[in-house]
>>> print(open('coords-v9.pdb').read())   # PDB, C-alpha atoms
ATOM      1  CA  MET A 167      76.433   5.930 147.031
ATOM      2  CA  ARG A 168      74.914   3.354 144.684
ATOM      3  CA  ALA A 169      76.246   5.362 141.728
ATOM      4  CA  PHE A 170      79.662   5.626 143.418
ATOM      5  CA  ASN A 171      79.817   1.866 144.032
ATOM      6  CA  ALA A 172      78.759   1.244 140.436
ATOM      7  CA  GLU A 173      81.538   3.487 139.130
ATOM      8  CA  LEU A 174      84.112   1.675 141.249
ATOM      9  CA  SER A 175      82.885  -1.621 139.847
ATOM     10  CA  LYS A 176      83.006  -0.301 136.287
ATOM     11  CA  LEU A 177      86.555   0.969 136.697
ATOM     12  CA  PHE A 178      87.808  -2.329 138.106
ATOM     13  CA  SER A 179      86.145  -4.179 135.214
ATOM     14  CA  LEU A 180      88.170  -2.321 132.574
ATOM     15  CA  PRO A 181      91.093  -4.429 131.271
ATOM     16  CA  SER A 182      93.224  -1.305 130.693
ATOM     17  CA  ILE A 183      92.867  -0.225 134.315
ATOM     18  CA  TRP A 184      95.354  -2.862 135.405
ATOM     19  CA  LEU A 185      98.007  -1.137 133.318
ATOM     20  CA  ALA A 186      97.305   2.008 135.349
ATOM     21  CA  PHE A 187      97.656   0.027 138.591
ATOM     22  CA  ILE A 188     100.950  -1.560 137.552
ATOM     23  CA  ILE A 189     102.454   1.743 136.390
ATOM     24  CA  GLY A 190     101.165   3.665 139.406
ATOM     25  CA  ALA A 191     102.364   1.090 141.918
ATOM     26  CA  PHE A 192     105.808   0.326 140.516
ATOM     27  CA  ALA A 193     106.969   3.233 138.302
ATOM     28  CA  PRO A 194     107.761   5.492 141.322
ATOM     29  CA  ALA A 195     109.701   2.633 142.934
ATOM     30  CA  VAL A 196     111.734   2.032 139.761
ATOM     31  CA  ILE A 197     112.531   5.751 139.451
ATOM     32  CA  ALA A 198     113.418   5.915 143.159
ATOM     33  CA  ALA A 199     115.652   2.837 142.819
ATOM     34  CA  LEU A 200     117.578   4.345 139.895
ATOM     35  CA  ASP A 201     117.949   7.634 141.772
ATOM     36  CA  SER A 202     119.043   5.769 144.916
ATOM     37  CA  ILE A 203     121.790   3.976 142.988
ATOM     38  CA  ALA A 204     123.067   7.326 141.706
ATOM     39  CA  GLN A 205     122.873   8.854 145.167
ATOM     40  CA  LYS A 206     124.703   5.928 146.729
ATOM     41  CA  GLU A 207     127.620   6.532 144.382
ATOM     42  CA  GLU A 208     127.594  10.220 145.318
ATOM     43  CA  ILE A 209     127.477   9.342 149.036
ATOM     44  CA  ILE A 210     130.541   7.145 148.631
ATOM     45  CA  ALA A 211     132.255   9.984 146.776
ATOM     46  CA  GLY A 212     131.134  12.451 149.460
ATOM     47  CA  VAL A 213     129.351  14.776 147.034
ATOM     48  CA  SER A 214     125.683  13.915 147.608
ATOM     49  CA  THR A 215     123.461  17.013 147.723
ATOM     50  CA  ARG A 216     120.026  15.609 146.865
ATOM     51  CA  LEU A 217     119.588  12.793 149.351
ATOM     52  CA  SER A 218     116.455  14.359 150.869
ATOM     53  CA  GLU A 219     114.718  14.249 147.463
ATOM     54  CA  VAL A 220     115.230  10.533 146.854
ATOM     55  CA  GLY A 221     111.857   8.817 146.566
ATOM     56  CA  TYR A 222     109.878  12.005 146.144
ATOM     57  CA  ILE A 223     111.148  12.354 142.588
ATOM     58  CA  GLY A 224     109.472   9.021 141.892
ATOM     59  CA  PHE A 225     106.147  10.407 143.090
ATOM     60  CA  GLY A 226     106.567  13.447 140.857
ATOM     61  CA  LEU A 227     107.477  11.543 137.708
ATOM     62  CA  GLY A 228     105.467   8.386 138.342
ATOM     63  CA  VAL A 229     101.942   9.777 138.185
ATOM     64  CA  GLN A 230     101.233   8.214 134.796
ATOM     65  CA  GLY A 231      99.160   5.551 136.522
ATOM     66  CA  VAL A 232      96.594   8.002 137.884
ATOM     67  CA  ILE A 233      96.638   9.950 134.605
ATOM     68  CA  ILE A 234      95.562   6.766 132.825
ATOM     69  CA  LEU A 235      92.985   6.191 135.556
ATOM     70  CA  GLY A 236      91.442   9.651 135.187
ATOM     71  CA  VAL A 237      91.333   9.405 131.399
ATOM     72  CA  LEU A 238      89.876   5.889 131.311
ATOM     73  CA  ALA A 239      87.115   6.803 133.753
ATOM     74  CA  ILE A 240      85.535   9.009 131.080
ATOM     75  CA  SER A 241      86.891   7.786 127.737
ATOM     76  CA  SER A 242      85.614   4.260 128.421
ATOM     77  CA  GLU A 243      82.065   5.662 128.446
ATOM     78  CA  TYR A 244      82.439   6.840 124.845
ATOM     79  CA  MET A 245      84.030   3.700 123.395
ATOM     80  CA  THR A 246      81.835   2.051 120.767
ATOM     81  CA  GLU A 247      80.749  -1.389 121.855
ATOM     82  CA  SER A 248      80.886  -4.459 119.635
ATOM     83  CA  SER A 249      78.201  -5.127 117.063
ATOM     84  CA  GLU A 250      76.994  -8.046 119.191
ATOM     85  CA  SER A 251      76.223  -5.545 121.946
ATOM     86  CA  GLY A 252      74.423  -3.185 119.609
ATOM     87  CA  GLY A 253      77.348  -0.951 118.659
ATOM     88  CA  GLY A 254      76.304   1.724 121.143
ATOM     89  CA  GLN A 255      78.172   3.593 123.867
ATOM     90  CA  GLN A 256      78.241   2.966 127.609
ATOM     91  CA  ILE A 257      77.421   6.617 128.339
ATOM     92  CA  THR A 258      73.835   6.115 127.148
ATOM     93  CA  SER A 259      73.236   3.283 129.606
ATOM     94  CA  SER A 260      75.036   5.131 132.406
ATOM     95  CA  LEU A 261      72.844   8.218 132.087
ATOM     96  CA  THR A 262      69.748   6.058 131.892
ATOM     97  CA  VAL A 263      70.614   4.521 135.256
ATOM     98  CA  VAL A 264      71.838   7.824 136.787
ATOM     99  CA  PRO A 265      69.703  10.558 135.173
ATOM    100  CA  SER A 266      71.434  13.395 137.066
ATOM    101  CA  ARG A 267      74.539  14.259 135.100
ATOM    102  CA  LEU A 268      76.079  16.077 138.065
ATOM    103  CA  HIS A 269      75.609  13.021 140.298
ATOM    104  CA  PHE A 270      77.107  10.898 137.543
ATOM    105  CA  LEU A 271      80.240  13.083 137.339
ATOM    106  CA  LEU A 272      80.569  13.318 141.121
ATOM    107  CA  ALA A 273      80.298   9.542 141.465
ATOM    108  CA  LYS A 274      83.004   9.053 138.831
ATOM    109  CA  ALA A 275      85.236  11.712 140.385
ATOM    110  CA  GLY A 276      84.786  10.083 143.790
ATOM    111  CA  ALA A 277      85.766   6.683 142.411
ATOM    112  CA  VAL A 278      88.847   8.174 140.719
ATOM    113  CA  THR A 279      89.820   9.919 143.964
ATOM    114  CA  VAL A 280      89.522   6.802 146.117
ATOM    115  CA  ILE A 281      91.501   4.633 143.704
ATOM    116  CA  SER A 282      94.170   7.352 143.365
ATOM    117  CA  ILE A 283      94.611   7.423 147.148
ATOM    118  CA  LEU A 284      94.948   3.638 147.351
ATOM    119  CA  LEU A 285      97.333   3.567 144.401
ATOM    120  CA  CYS A 286      99.516   6.279 145.909
ATOM    121  CA  MET A 287      99.684   4.415 149.225
ATOM    122  CA  VAL A 288     100.872   1.283 147.431
ATOM    123  CA  ALA A 289     103.433   3.390 145.535
ATOM    124  CA  MET A 290     104.686   4.785 148.834
ATOM    125  CA  MET A 291     105.273   1.291 150.215
ATOM    126  CA  THR A 292     107.105   0.075 147.112
ATOM    127  CA  THR A 293     109.154   3.282 146.910
ATOM    128  CA  ALA A 294     110.139   3.181 150.580
ATOM    129  CA  SER A 295     111.136  -0.477 150.214
ATOM    130  CA  ALA A 296     113.272   0.278 147.146
ATOM    131  CA  THR A 297     115.137   3.184 148.771
ATOM    132  CA  HIS A 298     115.805   1.290 152.008
ATOM    133  CA  LEU A 299     116.962  -1.778 150.096
ATOM    134  CA  ILE A 300     119.542   0.214 148.124
ATOM    135  CA  LEU A 301     120.576   2.995 150.510
ATOM    136  CA  GLY A 302     120.243   1.134 153.788
ATOM    137  CA  GLU A 303     121.134   3.424 156.695
ATOM    138  CA  TYR A 304     121.440   6.383 154.326
ATOM    139  CA  ALA A 305     117.830   6.138 153.176
ATOM    140  CA  PRO A 306     115.977   9.412 153.890
ATOM    141  CA  VAL A 307     113.090   9.518 156.327
ATOM    142  CA  PHE A 308     109.785  10.075 154.530
ATOM    143  CA  GLU A 309     108.044  13.003 156.215
ATOM    144  CA  ALA A 310     104.310  12.673 156.812
ATOM    145  CA  SER A 311     103.562  16.204 155.587
ATOM    146  CA  ARG A 312     105.367  15.613 152.294
ATOM    147  CA  LEU A 313     103.698  12.238 151.799
ATOM    148  CA  ILE A 314     100.302  13.899 152.265
ATOM    149  CA  GLY A 315     101.371  16.437 149.651
ATOM    150  CA  ALA A 316     102.269  13.608 147.266
ATOM    151  CA  VAL A 317      98.844  12.021 147.777
ATOM    152  CA  CYS A 318      97.151  15.351 147.031
ATOM    153  CA  TYR A 319      99.301  15.769 143.923
ATOM    154  CA  TRP A 320      98.222  12.367 142.617
ATOM    155  CA  ILE A 321      94.550  13.049 143.354
ATOM    156  CA  PHE A 322      94.608  16.463 141.687
ATOM    157  CA  THR A 323      96.487  15.103 138.665
ATOM    158  CA  ALA A 324      93.944  12.308 138.228
ATOM    159  CA  LEU A 325      91.054  14.768 138.489
ATOM    160  CA  LEU A 326      92.696  17.115 135.975
ATOM    161  CA  ALA A 327      92.988  14.218 133.535
ATOM    162  CA  PHE A 328      89.363  13.375 134.326
ATOM    163  CA  GLY A 329      88.135  16.925 133.680
ATOM    164  CA  ILE A 330      90.077  17.361 130.454
ATOM    165  CA  THR A 331      88.736  14.056 129.121
ATOM    166  CA  VAL A 332      85.168  15.116 129.895
ATOM    167  CA  LEU A 333      85.754  18.058 127.552
ATOM    168  CA  THR A 334      87.433  16.058 124.774
ATOM    169  CA  LYS A 335      85.445  12.787 125.137
ATOM    170  CA  ASN A 336      88.410  11.073 123.475
ATOM    171  CA  GLY A 337      91.236   9.946 125.725
ATOM    172  CA  ILE A 338      94.063  10.084 123.190
ATOM    173  CA  ILE A 339      94.773  13.821 123.394
ATOM    174  CA  PRO A 340      94.754  14.230 127.209
ATOM    175  CA  LEU A 341      96.633  10.959 127.652
ATOM    176  CA  ALA A 342      99.385  11.939 125.240
ATOM    177  CA  VAL A 343      99.770  15.520 126.483
ATOM    178  CA  LEU A 344      99.695  14.711 130.215
ATOM    179  CA  ILE A 345     102.004  11.709 130.042
ATOM    180  CA  ILE A 346     104.544  13.549 127.876
ATOM    181  CA  ASN A 347     104.370  16.538 130.243
ATOM    182  CA  SER A 348     104.898  14.395 133.344
ATOM    183  CA  SER A 349     107.615  12.103 131.989
ATOM    184  CA  VAL A 350     109.445  13.415 128.906
ATOM    185  CA  VAL A 351     109.459  17.205 129.151
ATOM    186  CA  SER A 352     107.595  19.550 131.463
ATOM    187  CA  PHE A 353     105.989  22.342 129.481
ATOM    188  CA  SER A 354     105.694  24.441 132.635
ATOM    189  CA  PHE A 355     109.436  24.104 133.264
ATOM    190  CA  LEU A 356     110.189  25.275 129.722
ATOM    191  CA  LEU A 357     107.768  28.174 130.064
ATOM    192  CA  SER A 358     109.316  29.153 133.391
ATOM    193  CA  LYS A 359     112.411  30.136 131.412
ATOM    194  CA  ALA A 360     110.349  32.888 129.794
ATOM    195  CA  THR A 361     107.830  33.929 132.461
ATOM    196  CA  LYS A 362     107.176  33.443 136.150
ATOM    197  CA  LEU A 363     103.506  32.848 135.372
ATOM    198  CA  ALA A 364     104.543  29.283 134.500
ATOM    199  CA  PHE A 365     105.025  28.639 138.226
ATOM    200  CA  TYR A 366     101.228  28.934 138.544
ATOM    201  CA  LEU A 367     100.557  26.078 136.135
ATOM    202  CA  PRO A 368      99.014  23.085 137.910
ATOM    203  CA  ASP A 369     101.811  20.540 137.581
ATOM    204  CA  ARG A 370     104.556  22.975 138.630
ATOM    205  CA  ALA A 371     102.579  24.413 141.533
ATOM    206  CA  GLY A 372     101.510  20.956 142.668
ATOM    207  CA  LEU A 373     105.095  19.739 142.936
ATOM    208  CA  GLU A 374     105.663  22.377 145.607
ATOM    209  CA  MET A 375     103.511  20.300 147.982
ATOM    210  CA  PHE A 376     106.203  17.650 148.423
ATOM    211  CA  MET A 377     109.153  17.944 146.041
ATOM    212  CA  PHE A 378     110.991  20.930 147.447
ATOM    213  CA  THR A 379     112.407  21.608 150.898
ATOM    214  CA  SER A 380     113.631  24.809 152.530
ATOM    215  CA  ASP A 381     117.272  23.748 152.261
ATOM    216  CA  ASN A 382     117.195  23.664 148.440
ATOM    217  CA  PHE A 383     115.513  27.019 147.912
ATOM    218  CA  HIS A 384     116.827  29.142 145.075
ATOM    219  CA  ALA A 385     115.497  32.299 143.501
ATOM    220  CA  PRO A 386     113.164  31.332 140.633
ATOM    221  CA  SER A 387     115.246  33.425 138.272
ATOM    222  CA  THR A 388     117.936  30.718 138.266
ATOM    223  CA  GLY A 389     115.646  28.483 136.177
ATOM    224  CA  SER A 390     116.575  25.310 138.051
ATOM    225  CA  LEU A 391     114.123  22.416 138.071
ATOM    226  CA  PHE A 392     114.344  22.461 141.874
ATOM    227  CA  ASP A 393     113.646  26.155 142.407
ATOM    228  CA  ARG A 394     110.937  26.860 144.960
ATOM    229  CA  PHE A 395     108.363  29.519 144.177
ATOM    230  CA  HIS A 396     105.378  28.689 146.436
ATOM    231  CA  THR A 397     104.961  27.322 149.912
ATOM    232  CA  PRO A 398     103.555  23.754 149.976
ATOM    233  CA  PHE A 399     100.146  25.074 151.078
ATOM    234  CA  THR A 400     100.047  27.759 148.375
ATOM    235  CA  GLY A 401     101.150  25.298 145.711
ATOM    236  CA  GLY A 402      98.338  22.969 146.760
ATOM    237  CA  LEU A 403      95.790  25.778 146.598
ATOM    238  CA  VAL A 404      96.924  26.756 143.109
ATOM    239  CA  MET A 405      96.616  23.200 141.819
ATOM    240  CA  PHE A 406      93.255  22.725 143.565
ATOM    241  CA  ALA A 407      92.002  25.916 141.890
ATOM    242  CA  TRP A 408      92.919  24.482 138.490
ATOM    243  CA  VAL A 409      91.080  21.258 139.318
ATOM    244  CA  ALA A 410      88.002  23.159 140.484
ATOM    245  CA  VAL A 411      87.914  25.310 137.331
ATOM    246  CA  PHE A 412      88.294  22.338 135.003
ATOM    247  CA  PHE A 413      85.639  20.377 136.877
ATOM    248  CA  ILE A 414      83.139  23.259 136.806
ATOM    249  CA  VAL A 415      83.714  23.858 133.090
ATOM    250  CA  ALA A 416      83.502  20.126 132.392
ATOM    251  CA  ALA A 417      80.257  19.836 134.373
ATOM    252  CA  ILE A 418      78.685  22.733 132.442
ATOM    253  CA  VAL A 419      79.748  21.332 129.073
ATOM    254  CA  PHE A 420      78.642  17.811 130.010
ATOM    255  CA  HIS A 421      75.269  19.086 131.219
ATOM    256  CA  ARG A 422      74.600  20.855 127.898
ATOM    257  CA  ARG A 423      76.094  18.185 125.638
ATOM    258  CA  ASP A 424      73.969  15.999 123.398
ATOM    259  CA  VAL A 425      75.202  12.558 124.404
ATOM    260  CA  ALA A 426      74.149  11.044 121.088
ATOM    261  CA  ALA A 427      76.305  13.519 119.146
TER     262      ALA A 427
END
>>> encode(input="coords-v9.pdb", output="structure tokens")
Amino acid sequence: MRAFNAELSKLFSLPSIWLAFIIGAFAPAVIAALDSIAQKEEIIAGVSTRLSEVGYIGFGLGVQGVIILGVLAISSEYMTESSESGGGQQITSSLTVVPSRLHFLLAKAGAVTVISILLCMVAMMTTASATHLILGEYAPVFEASRLIGAVCYWIFTALLAFGITVLTKNGIIPLAVLIINSSVVSFSFLLSKATKLAFYLPDRAGLEMFMFTSDNFHAPSTGSLFDRFHTPFTGGLVMFAWVAVFFIVAAIVFHRRDVAA
């Protein structure tokens, strides 16, 4: 617990972490607000078909905050300090204080998980406020089961970013790939055009926990972004399996790695 508390303190001391908090707390609300405006126009025209998805799309596309969080948790350890501080890396001091590398990773993963949960809860409040402000009586009711799925999606996404950064040590590659995949173009969606195996990729399977409902089910062969392939529980298991594999591989690599290299 001392290592866990220390990791929480270290994360909150990083200047860049506040960017993650701002994006995580308000990006889903901004996306939900824009979608709500579009849906309100469709409601007035009597052609709205996606009202039940308003808000949840923000959770799916607004995970950049926890991606930054997961990447910073590890990449900050490998940043070279100023010459006044000796020009070393934080990882050396961290492993001196916490000799067990597994305990060190678990403490960091625990800190990332707790902050991801808190950040997602704040995002839920801002998103709900935005949708009710714009849609009023037409605002959809946020179901508890789907909100839990959104929380799990954020946690798993943060831990995936965490695990990938343990392997790369540098945060640029995982940050660029994960943010582009979650905001600009989904690689799993593009791959789903060619093979159904793409529905087992972590981001696509994870969305099944909250994004899709039974009334918008379509056969996966249609290639729609809103096709359902898994049940929410199965989608969560698939994404959790990816997280577990990445964490195990990262722990093995980190245990064998020469920190000074």
>>> resolve_selection(input="coords-v9.pdb", expression="the PyMOL selection byres ((chain A and resi 420) around 12)", output="PyMOL selection string")
chain A and resi 240+257+261+266-271+329-335+412-419+421-425+427
>>> residues_around(input="coords-v9.pdb", residues="Leu284 in chain A", least_positions_apart="4", cutoff="10 Å", atoms="all atoms listed in the file", output="PyMOL selection string")
chain A and resi 187+191+279-280+288-290+317
>>> atom_distance(input="coords-v9.pdb", atom1="CA of Trp408 in chain A", atom2="CA of Pro368 in chain A")
6.3 Å
>>> residues_near_point(input="coords-v9.pdb", point="(99.6, 12.5, 146.4)", cutoff="10 Å", atoms="only C-alpha atoms", output="PyMOL selection string")
chain A and resi 225-226+229+282-283+285-287+289-290+312-324+372-373+375-376
>>> atom_distance(input="coords-v9.pdb", atom1="CA of Ala275 in chain A", atom2="CA of Met291 in chain A")
24.6 Å
>>> atom_distance(input="coords-v9.pdb", atom1="CA of Asn347 in chain A", atom2="CA of Tyr222 in chain A")
17.4 Å
>>> closest_residue(input="coords-v9.pdb", among="A:Leu235, A:Val404, A:Pro398, A:Ala204", to="Tyr366 in chain A", atoms="all atoms listed in the file")
A:Val404
>>> resolve_selection(input="coords-v9.pdb", expression="the PyMOL selection byres ((chain A and resi 167-169) around 10)", output="list of chain:residue names")
A:Phe170, A:Asn171, A:Ala172, A:Glu173, A:Leu174, A:Ser175, A:Ser260, A:Val263, A:Val264, A:His269, A:Phe270, A:Leu271, A:Leu272, A:Ala273, A:Lys274, A:Gly276, A:Ala277
>>> resolve_selection(input="coords-v9.pdb", expression="the PyMOL selection byres ((chain A and resi 182) around 12)", output="ChimeraX atom specification")
/A:176-181,183-189,231,234-239,241-242
>>> residues_around(input="coords-v9.pdb", residues="Ala296 in chain A", least_positions_apart="2", cutoff="8 Å", atoms="only C-alpha atoms", output="VMD selection string")
chain A and resid 195 to 196 198 to 199 292 to 294 298 to 300
>>> residues_around(input="coords-v9.pdb", residues="Pro306 in chain A", least_positions_apart="5", cutoff="9 Å", atoms="all atoms listed in the file", output="JSON, numbers by chain")
{"A": [217, 218, 219, 220, 221, 297, 298, 301]}
>>> axis_aligned_box(input="coords-v9.pdb", around="range 398-414 of chain A", padding_each_side="4 Å", output="lines of an AutoDock Vina configuration file")
center_x = 93.3
center_y = 24.1
center_z = 143.0
size_x = 28.4
size_y = 15.4
size_z = 24.1
